[in-house]
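Source file: run.pdb (PDB, C-alpha atoms, pLDDT in the B column)
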```pdb
MODEL        1
ATOM      1  CA  MET R   1      89.948 150.938  75.512  1.00 71.00           C
ATOM      2  CA  SER R   2      90.372 152.969  78.690  1.00 81.00           C
ATOM      3  CA  VAL R   3      92.705 155.940  79.126  1.00 87.00           C
ATOM      4  CA  GLU R   4      94.237 156.692  82.516  1.00 91.00           C
ATOM      5  CA  VAL R   5      95.113 160.312  83.264  1.00 92.00           C
ATOM      6  CA  GLU R   6      97.118 160.558  86.457  1.00 94.00           C
ATOM      7  CA  ARG R   7      99.360 162.734  88.571  1.00 94.00           C
ATOM      8  CA  LYS R   8     101.735 161.251  91.120  1.00 94.00           C
ATOM      9  CA  PHE R   9     102.846 162.905  94.341  1.00 92.00           C
ATOM     10  CA  ALA R  10     105.060 162.150  97.324  1.00 90.00           C
ATOM     11  CA  CYS R  11     103.256 160.974 100.456  1.00 89.00           C
ATOM     12  CA  ASP R  12     104.010 162.066 103.987  1.00 87.00           C
ATOM     13  CA  ALA R  13     102.676 161.121 107.412  1.00 86.00           C
ATOM     14  CA  GLY R  14      99.826 163.634 107.200  1.00 90.00           C
ATOM     15  CA  ILE R  15      98.349 162.625 103.847  1.00 93.00           C
ATOM     16  CA  ARG R  16      95.474 160.558 105.252  1.00 93.00           C
ATOM     17  CA  ARG R  17      94.446 163.368 107.561  1.00 92.00           C
ATOM     18  CA  ARG R  18      94.413 165.805 104.635  1.00 92.00           C
ATOM     19  CA  LEU R  19      92.360 163.394 102.562  1.00 94.00           C
ATOM     20  CA  GLU R  20      89.784 163.217 105.337  1.00 92.00           C
ATOM     21  CA  ASP R  21      89.819 167.014 105.683  1.00 91.00           C
ATOM     22  CA  ILE R  22      88.931 167.539 102.007  1.00 91.00           C
ATOM     23  CA  GLY R  23      86.126 164.986 102.129  1.00 92.00           C
ATOM     24  CA  ALA R  24      87.793 161.999 100.484  1.00 95.00           C
ATOM     25  CA  VAL R  25      86.155 158.672 101.336  1.00 95.00           C
ATOM     26  CA  CYS R  26      88.207 155.498 101.791  1.00 96.00           C
ATOM     27  CA  ILE R  27      86.856 152.772  99.505  1.00 96.00           C
ATOM     28  CA  GLY R  28      89.149 149.978 100.631  1.00 97.00           C
ATOM     29  CA  GLN R  29      92.629 148.496 100.836  1.00 97.00           C
ATOM     30  CA  CYS R  30      94.156 145.730  98.770  1.00 97.00           C
ATOM     31  CA  GLU R  31      97.477 143.981  98.180  1.00 98.00           C
ATOM     32  CA  PHE R  32      98.802 142.866  94.802  1.00 97.00           C
ATOM     33  CA  HIS R  33     101.940 141.419  93.255  1.00 98.00           C
ATOM     34  CA  ASP R  34     103.379 142.981  90.083  1.00 97.00           C
ATOM     35  CA  GLN R  35     105.908 141.681  87.573  1.00 97.00           C
ATOM     36  CA  TYR R  36     107.305 143.983  84.872  1.00 97.00           C
ATOM     37  CA  PHE R  37     108.755 142.621  81.626  1.00 97.00           C
ATOM     38  CA  ASP R  38     111.060 144.065  78.978  1.00 97.00           C
ATOM     39  CA  THR R  39     113.866 143.137  76.611  1.00 96.00           C
ATOM     40  CA  PRO R  40     117.449 143.097  77.934  1.00 95.00           C
ATOM     41  CA  ASP R  41     117.895 146.540  76.315  1.00 94.00           C
ATOM     42  CA  PHE R  42     114.674 147.894  77.891  1.00 96.00           C
ATOM     43  CA  ASP R  43     113.139 148.765  74.524  1.00 95.00           C
ATOM     44  CA  LEU R  44     109.604 148.989  75.920  1.00 96.00           C
ATOM     45  CA  THR R  45     110.521 151.056  78.963  1.00 95.00           C
ATOM     46  CA  LEU R  46     112.566 153.491  76.874  1.00 94.00           C
ATOM     47  CA  SER R  47     109.470 153.906  74.678  1.00 92.00           C
ATOM     48  CA  ASP R  48     107.425 154.708  77.819  1.00 94.00           C
ATOM     49  CA  MET R  49     105.502 151.439  77.513  1.00 95.00           C
ATOM     50  CA  TRP R  50     105.003 149.208  80.525  1.00 96.00           C
ATOM     51  CA  LEU R  51     104.247 145.511  80.236  1.00 97.00           C
ATOM     52  CA  ARG R  52     102.926 144.277  83.557  1.00 97.00           C
ATOM     53  CA  LYS R  53     101.454 141.110  84.987  1.00 96.00           C
ATOM     54  CA  ARG R  54      99.432 141.925  88.090  1.00 96.00           C
ATOM     55  CA  GLU R  55      98.559 138.651  89.767  1.00 93.00           C
ATOM     56  CA  GLU R  56      97.180 136.708  86.747  1.00 91.00           C
ATOM     57  CA  THR R  57      96.166 139.694  84.606  1.00 94.00           C
ATOM     58  CA  TRP R  58      98.317 141.139  81.820  1.00 95.00           C
ATOM     59  CA  GLU R  59      98.303 144.865  81.042  1.00 96.00           C
ATOM     60  CA  LEU R  60     100.243 147.058  78.640  1.00 96.00           C
ATOM     61  CA  LYS R  61     100.321 150.783  79.412  1.00 95.00           C
ATOM     62  CA  CYS R  62     101.150 152.945  76.389  1.00 94.00           C
ATOM     63  CA  SER R  63     101.969 156.614  76.859  1.00 90.00           C
ATOM     64  CA  THR R  64     100.073 159.154  74.746  1.00 83.00           C
ATOM     65  CA  ALA R  65     100.025 162.947  74.567  1.00 62.00           C
ATOM     66  CA  VAL R  66      98.262 164.527  77.538  1.00 51.00           C
ATOM     67  CA  GLY R  67      96.089 166.819  75.448  1.00 49.00           C
ATOM     68  CA  LYS R  68      95.861 169.459  72.739  1.00 49.00           C
ATOM     69  CA  THR R  69      98.567 171.789  73.942  1.00 45.00           C
ATOM     70  CA  GLU R  70      97.836 174.468  71.359  1.00 47.00           C
ATOM     71  CA  GLU R  71      94.501 175.122  73.094  1.00 55.00           C
ATOM     72  CA  MET R  72      96.033 175.522  76.558  1.00 51.00           C
ATOM     73  CA  SER R  73      97.186 178.600  78.417  1.00 50.00           C
ATOM     74  CA  GLY R  74     100.618 178.794  80.022  1.00 52.00           C
ATOM     75  CA  GLU R  75      99.238 177.794  83.412  1.00 54.00           C
ATOM     76  CA  GLN R  76      97.279 174.908  81.889  1.00 52.00           C
ATOM     77  CA  LEU R  77     100.381 173.698  80.085  1.00 55.00           C
ATOM     78  CA  GLU R  78     102.317 173.691  83.336  1.00 60.00           C
ATOM     79  CA  GLU R  79      99.559 171.734  85.065  1.00 59.00           C
ATOM     80  CA  ALA R  80      99.297 169.273  82.170  1.00 66.00           C
ATOM     81  CA  SER R  81     103.052 168.646  82.266  1.00 74.00           C
ATOM     82  CA  LEU R  82     102.633 167.186  85.761  1.00 77.00           C
ATOM     83  CA  CYS R  83     100.191 164.562  84.504  1.00 89.00           C
ATOM     84  CA  THR R  84     100.677 161.445  82.424  1.00 89.00           C
ATOM     85  CA  ARG R  85      98.211 159.773  80.100  1.00 90.00           C
ATOM     86  CA  TYR R  86      98.299 156.076  79.276  1.00 92.00           C
ATOM     87  CA  LYS R  87      96.137 153.833  77.136  1.00 92.00           C
ATOM     88  CA  GLU R  88      95.593 150.550  78.933  1.00 93.00           C
ATOM     89  CA  ILE R  89      95.449 147.359  76.876  1.00 95.00           C
ATOM     90  CA  THR R  90      94.255 144.335  78.835  1.00 94.00           C
ATOM     91  CA  SER R  91      93.512 141.892  76.022  1.00 94.00           C
ATOM     92  CA  LEU R  92      96.477 139.512  75.780  1.00 93.00           C
ATOM     93  CA  PRO R  93      96.187 139.016  71.981  1.00 93.00           C
ATOM     94  CA  GLU R  94      96.156 142.814  71.524  1.00 95.00           C
ATOM     95  CA  ILE R  95      99.102 143.167  73.899  1.00 95.00           C
ATOM     96  CA  LYS R  96     101.138 140.663  71.864  1.00 94.00           C
ATOM     97  CA  VAL R  97     100.385 142.506  68.616  1.00 94.00           C
ATOM     98  CA  LYS R  98     101.317 145.898  70.072  1.00 95.00           C
ATOM     99  CA  VAL R  99     104.549 144.633  71.656  1.00 95.00           C
ATOM    100  CA  LYS R 100     105.605 142.995  68.395  1.00 93.00           C
ATOM    101  CA  GLU R 101     104.956 146.252  66.521  1.00 93.00           C
ATOM    102  CA  VAL R 102     107.282 148.121  68.869  1.00 93.00           C
ATOM    103  CA  LEU R 103     110.018 145.517  68.951  1.00 93.00           C
ATOM    104  CA  LYS R 104     110.161 145.022  65.186  1.00 87.00           C
ATOM    105  CA  HIS R 105     111.686 148.517  65.036  1.00 76.00           C
ATOM    106  CA  CYS R 106     114.371 147.538  67.540  1.00 73.00           C
ATOM    107  CA  SER R 107     116.678 145.311  65.546  1.00 50.00           C
ATOM    108  CA  ASP R 108     118.933 144.595  68.506  1.00 47.00           C
ATOM    109  CA  SER R 109     116.055 143.371  70.679  1.00 42.00           C
ATOM    110  CA  ILE R 110     114.702 140.551  68.548  1.00 44.00           C
ATOM    111  CA  ASN R 111     116.334 138.430  65.869  1.00 52.00           C
ATOM    112  CA  THR R 112     113.560 137.485  63.401  1.00 43.00           C
ATOM    113  CA  GLY R 113     111.428 136.273  66.299  1.00 43.00           C
ATOM    114  CA  GLN R 114     113.904 133.598  67.499  1.00 45.00           C
ATOM    115  CA  LEU R 115     116.339 133.655  70.396  1.00 44.00           C
ATOM    116  CA  ASN R 116     119.748 132.215  70.810  1.00 44.00           C
ATOM    117  CA  ASN R 117     118.968 128.846  72.450  1.00 43.00           C
ATOM    118  CA  HIS R 118     121.907 129.085  74.799  1.00 37.00           C
ATOM    119  CA  LEU R 119     120.704 132.428  76.204  1.00 43.00           C
ATOM    120  CA  VAL R 120     117.161 131.107  76.574  1.00 44.00           C
ATOM    121  CA  LYS R 121     118.369 128.136  78.590  1.00 43.00           C
ATOM    122  CA  GLU R 122     120.434 130.383  80.841  1.00 45.00           C
ATOM    123  CA  ASP R 123     117.453 132.663  81.437  1.00 49.00           C
ATOM    124  CA  GLN R 124     115.190 129.673  82.158  1.00 46.00           C
ATOM    125  CA  VAL R 125     117.586 128.346  84.775  1.00 41.00           C
ATOM    126  CA  SER R 126     117.977 131.771  86.379  1.00 46.00           C
ATOM    127  CA  HIS R 127     114.252 132.467  86.608  1.00 46.00           C
ATOM    128  CA  ARG R 128     113.348 128.966  87.740  1.00 42.00           C
ATOM    129  CA  GLN R 129     115.767 129.450  90.592  1.00 39.00           C
ATOM    130  CA  GLN R 130     113.785 132.578  91.459  1.00 48.00           C
ATOM    131  CA  GLY R 131     110.509 130.637  91.558  1.00 48.00           C
ATOM    132  CA  ALA R 132     109.240 130.903  87.969  1.00 50.00           C
ATOM    133  CA  PRO R 133     107.141 127.844  86.974  1.00 48.00           C
ATOM    134  CA  GLU R 134     108.551 125.156  84.701  1.00 46.00           C
ATOM    135  CA  GLY R 135     108.055 126.031  81.039  1.00 47.00           C
ATOM    136  CA  PHE R 136     107.133 129.648  81.773  1.00 48.00           C
ATOM    137  CA  TYR R 137     109.806 131.071  79.458  1.00 46.00           C
ATOM    138  CA  ASP R 138     108.914 128.681  76.610  1.00 45.00           C
ATOM    139  CA  SER R 139     105.952 131.007  75.937  1.00 82.00           C
ATOM    140  CA  TRP R 140     105.507 134.175  73.862  1.00 91.00           C
ATOM    141  CA  LEU R 141     107.725 136.011  76.351  1.00 94.00           C
ATOM    142  CA  GLY R 142     110.675 133.878  75.355  1.00 91.00           C
ATOM    143  CA  GLU R 143     109.901 134.278  71.658  1.00 90.00           C
ATOM    144  CA  LEU R 144     110.111 138.066  72.045  1.00 92.00           C
ATOM    145  CA  ASN R 145     113.076 137.967  74.433  1.00 92.00           C
ATOM    146  CA  LEU R 146     111.027 139.494  77.251  1.00 95.00           C
ATOM    147  CA  LEU R 147     112.311 138.943  80.775  1.00 95.00           C
ATOM    148  CA  CYS R 148     111.058 139.970  84.195  1.00 96.00           C
ATOM    149  CA  PHE R 149     113.156 142.925  85.374  1.00 97.00           C
ATOM    150  CA  ALA R 150     111.167 143.890  88.474  1.00 97.00           C
ATOM    151  CA  LYS R 151     108.731 142.213  90.826  1.00 97.00           C
ATOM    152  CA  PHE R 152     107.281 143.468  94.076  1.00 97.00           C
ATOM    153  CA  THR R 153     104.208 143.512  96.279  1.00 98.00           C
ATOM    154  CA  THR R 154     102.214 146.691  96.911  1.00 98.00           C
ATOM    155  CA  VAL R 155      99.652 147.595  99.557  1.00 98.00           C
ATOM    156  CA  ARG R 156      97.181 150.139  98.165  1.00 98.00           C
ATOM    157  CA  CYS R 157      94.697 152.237 100.088  1.00 97.00           C
ATOM    158  CA  SER R 158      92.155 153.907  97.797  1.00 98.00           C
ATOM    159  CA  PHE R 159      89.981 156.990  98.244  1.00 97.00           C
ATOM    160  CA  THR R 160      87.366 158.684  96.129  1.00 96.00           C
ATOM    161  CA  LEU R 161      86.708 162.398  95.920  1.00 90.00           C
ATOM    162  CA  GLU R 162      83.190 162.387  94.526  1.00 80.00           C
ATOM    163  CA  GLU R 163      82.861 166.136  93.993  1.00 72.00           C
ATOM    164  CA  GLU R 164      85.796 166.104  91.567  1.00 74.00           C
ATOM    165  CA  GLY R 165      85.128 162.598  90.265  1.00 83.00           C
ATOM    166  CA  VAL R 166      88.658 161.410  90.954  1.00 94.00           C
ATOM    167  CA  ARG R 167      90.282 158.464  92.649  1.00 96.00           C
ATOM    168  CA  ILE R 168      93.303 158.825  94.921  1.00 97.00           C
ATOM    169  CA  ASP R 169      95.536 155.822  95.621  1.00 98.00           C
ATOM    170  CA  LEU R 170      98.241 155.607  98.271  1.00 97.00           C
ATOM    171  CA  ASP R 171     100.746 152.858  97.423  1.00 98.00           C
ATOM    172  CA  GLN R 172     103.363 151.296  99.689  1.00 97.00           C
ATOM    173  CA  ALA R 173     105.745 148.849  97.975  1.00 97.00           C
ATOM    174  CA  ASP R 174     107.538 146.093  99.865  1.00 97.00           C
ATOM    175  CA  PHE R 175     110.967 147.610  99.077  1.00 95.00           C
ATOM    176  CA  GLY R 176     110.137 150.809 100.995  1.00 94.00           C
ATOM    177  CA  TYR R 177     108.881 153.073  98.199  1.00 94.00           C
ATOM    178  CA  SER R 178     105.618 154.972  98.717  1.00 95.00           C
ATOM    179  CA  VAL R 179     103.727 157.202  96.288  1.00 96.00           C
ATOM    180  CA  GLY R 180     100.326 158.802  95.882  1.00 96.00           C
ATOM    181  CA  GLU R 181      98.361 159.065  92.661  1.00 96.00           C
ATOM    182  CA  ILE R 182      95.414 161.222  91.631  1.00 96.00           C
ATOM    183  CA  GLU R 183      93.631 159.495  88.772  1.00 95.00           C
ATOM    184  CA  VAL R 184      90.733 159.982  86.379  1.00 94.00           C
ATOM    185  CA  LEU R 185      89.803 157.061  84.127  1.00 90.00           C
ATOM    186  CA  LEU R 186      88.330 157.875  80.712  1.00 87.00           C
ATOM    187  CA  GLN R 187      87.163 155.956  77.707  1.00 82.00           C
ATOM    188  CA  GLU R 188      89.233 156.643  74.587  1.00 77.00           C
ATOM    189  CA  GLY R 189      87.897 159.726  72.849  1.00 75.00           C
ATOM    190  CA  GLN R 190      86.525 161.416  75.959  1.00 77.00           C
ATOM    191  CA  ASP R 191      87.593 164.949  76.892  1.00 78.00           C
ATOM    192  CA  VAL R 192      91.050 164.877  78.483  1.00 84.00           C
ATOM    193  CA  GLY R 193      90.860 168.558  79.384  1.00 86.00           C
ATOM    194  CA  SER R 194      88.103 167.974  81.908  1.00 87.00           C
ATOM    195  CA  ALA R 195      90.139 165.176  83.493  1.00 89.00           C
ATOM    196  CA  LEU R 196      93.118 167.515  83.852  1.00 90.00           C
ATOM    197  CA  GLU R 197      90.905 170.118  85.514  1.00 90.00           C
ATOM    198  CA  LYS R 198      89.546 167.561  88.002  1.00 92.00           C
ATOM    199  CA  ILE R 199      93.053 166.377  88.866  1.00 92.00           C
ATOM    200  CA  GLU R 200      94.311 169.936  89.325  1.00 91.00           C
ATOM    201  CA  THR R 201      91.364 170.805  91.599  1.00 90.00           C
ATOM    202  CA  ALA R 202      92.068 167.764  93.778  1.00 91.00           C
ATOM    203  CA  ALA R 203      95.811 168.539  93.827  1.00 91.00           C
ATOM    204  CA  ARG R 204      95.191 172.116  94.932  1.00 89.00           C
ATOM    205  CA  LYS R 205      93.052 170.908  97.821  1.00 88.00           C
ATOM    206  CA  LEU R 206      95.724 168.468  98.949  1.00 88.00           C
ATOM    207  CA  SER R 207      98.660 170.819  98.471  1.00 81.00           C
ATOM    208  CA  GLU R 208      97.780 173.239 101.254  1.00 67.00           C
ATOM    209  CA  ASP R 209     100.440 171.678 103.461  1.00 50.00           C
ATOM    210  CA  GLN R 210     102.386 169.703 100.860  1.00 53.00           C
ATOM    211  CA  GLN R 211     103.981 170.403  97.484  1.00 47.00           C
ATOM    212  CA  LEU R 212     102.443 168.086  94.849  1.00 52.00           C
TER     213      LEU R 212
ENDMDL
END
```

Starting from the coordinates I provided, produce the structure as structure tokens.
Amino acid sequence: MSVEVERKFACDAGIRRRLEDIGAVCIGQCEFHDQYFDTPDFDLTLSDMWLRKREETWELKCSTAVGKTEEMSGEQLEEASLCTRYKEITSLPEIKVKVKEVLKHCSDSINTGQLNNHLVKEDQVSHRQQGAPEGFYDSWLGELNLLCFAKFTTVRCSFTLEEEGVRIDLDQADFGYSVGEIEVLLQEGQDVGSALEKIETAARKLSEDQQL
């Protein structure tokens, strides 16, 4: 299972120039469509878990502690607080198991695994009108009362900073939101501290003209 350690930052018009100045290499641009799912009470989101379908691939991002804070200095703690760390589950059977584990503790979100049929029918009609395929909500999503609460298309331009071993993504969503992300991808069990150091080094290089 992979672990994503990342730090987001606001983009401005000069970000690409600064990336070039620090030696970042563009590795391509892509476009993808995301759908995010949760219960009507947002039980997953409030638990800092994100169930996403990107194109045809499911992913569940589960927040974990950034690192061993007792071993960090004050400055390191401040730097770590700017980063997030998520385990990424991409196996659909594992995603279903994990989601069920979370929702079984939320008594208002799921009623012994069955929905009120009237509400299901209303949701099916609503989402079909928005372009969802016939029968889509007769699946495990419906059984767990999971509905799509956000969907959008993003254009991503990606860079690599080989010296630090980090990836930098610049995202532009179709509703006008833009954000940058400095990311290091680890395998579970690898040293998170080194990832934090790499991210901080990259952030310092980029922050000469911009507050990250």

Inset, instruction - Up to 12 Å from (91.0, 167.3, 87.7) in the file's coordinates: name the residues, counting all atoms listed in the file, as a PyMOL selection string. - result: chain R and resi 5-7+76+79-80+82-83+161-168+182-185+191-205

Inset, instruction - Rank nothing, just name the residue among R:Cys30, R:Met1, R:Ala24, R:Val102 nearest to Ser47 in chain R, using only C-alpha atoms. - result: R:Val102

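With only C-alpha atoms as the atoms that count, the residue of R:Val3, R:Leu46, R:Ile27, R:Ala13 with the shortest distance to Ile89 in chain R is R:Val3.
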
Legend entry - For Val99 in chain R: contacts at 9 Å, only C-alpha atoms, fewer than 5 positions along chain excluded, given as a ChimeraX atom specification: /R:44,51,60,94,104,144

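Within a radius of 9 Å around (98.7, 157.2, 75.5), the polymer residues are Val3, Glu4, Lys61, Cys62, Ser63, Thr64, Ala65, Val66, Thr84, Arg85, Tyr86, Lys87 and Glu88 of chain R, counting all atoms listed in the file.
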
Inset, instruction - For CA of His33 in chain R and CA of Ala150 in chain R, quote the distance in Å rounded to one decimal. - result: 10.7 Å

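The space between CA of Gly28 in chain R and CA of Gln172 in chain R spans 14.3 Å.
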
Inset, instruction - Using only C-alpha atoms, pick whichever of R:Thr90, R:Thr160, R:Gln29, R:Cys148 has the shortest atom-to-atom distance to Ser2 in chain R. - result: R:Thr90

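Distance-wise, CA of Lys53 in chain R and CA of Gln35 in chain R end up 5.2 Å apart.
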
Inset, instruction - For each of R:Arg16, R:Lys96, R:Arg156, R:Arg52, take the minimum atom-to-atom distance to Phe37 in chain R, counting only C-alpha atoms, then give the residue where this is smallest. - result: R:Arg52

Inset, instruction - For Glu55 in chain R, work out the shell of residues within 12 Å, counting all atoms listed in the file and skipping chain neighbours fewer than 4 positions away, then give it as a PyMOL selection string. - result: chain R and resi 31-36+59+151-154

Legend entry - Long-range neighbours of Cys26 in chain R as a PyMOL selection string, 8 Å cut-off, all atoms listed in the file, 5 positions minimum in chain: chain R and resi 157-160

Legend entry - Among listed residues R:Gln187, R:Asp169, R:Leu103, R:Trp140, nearest Phe42 in chain R (using only C-alpha atoms): R:Leu103
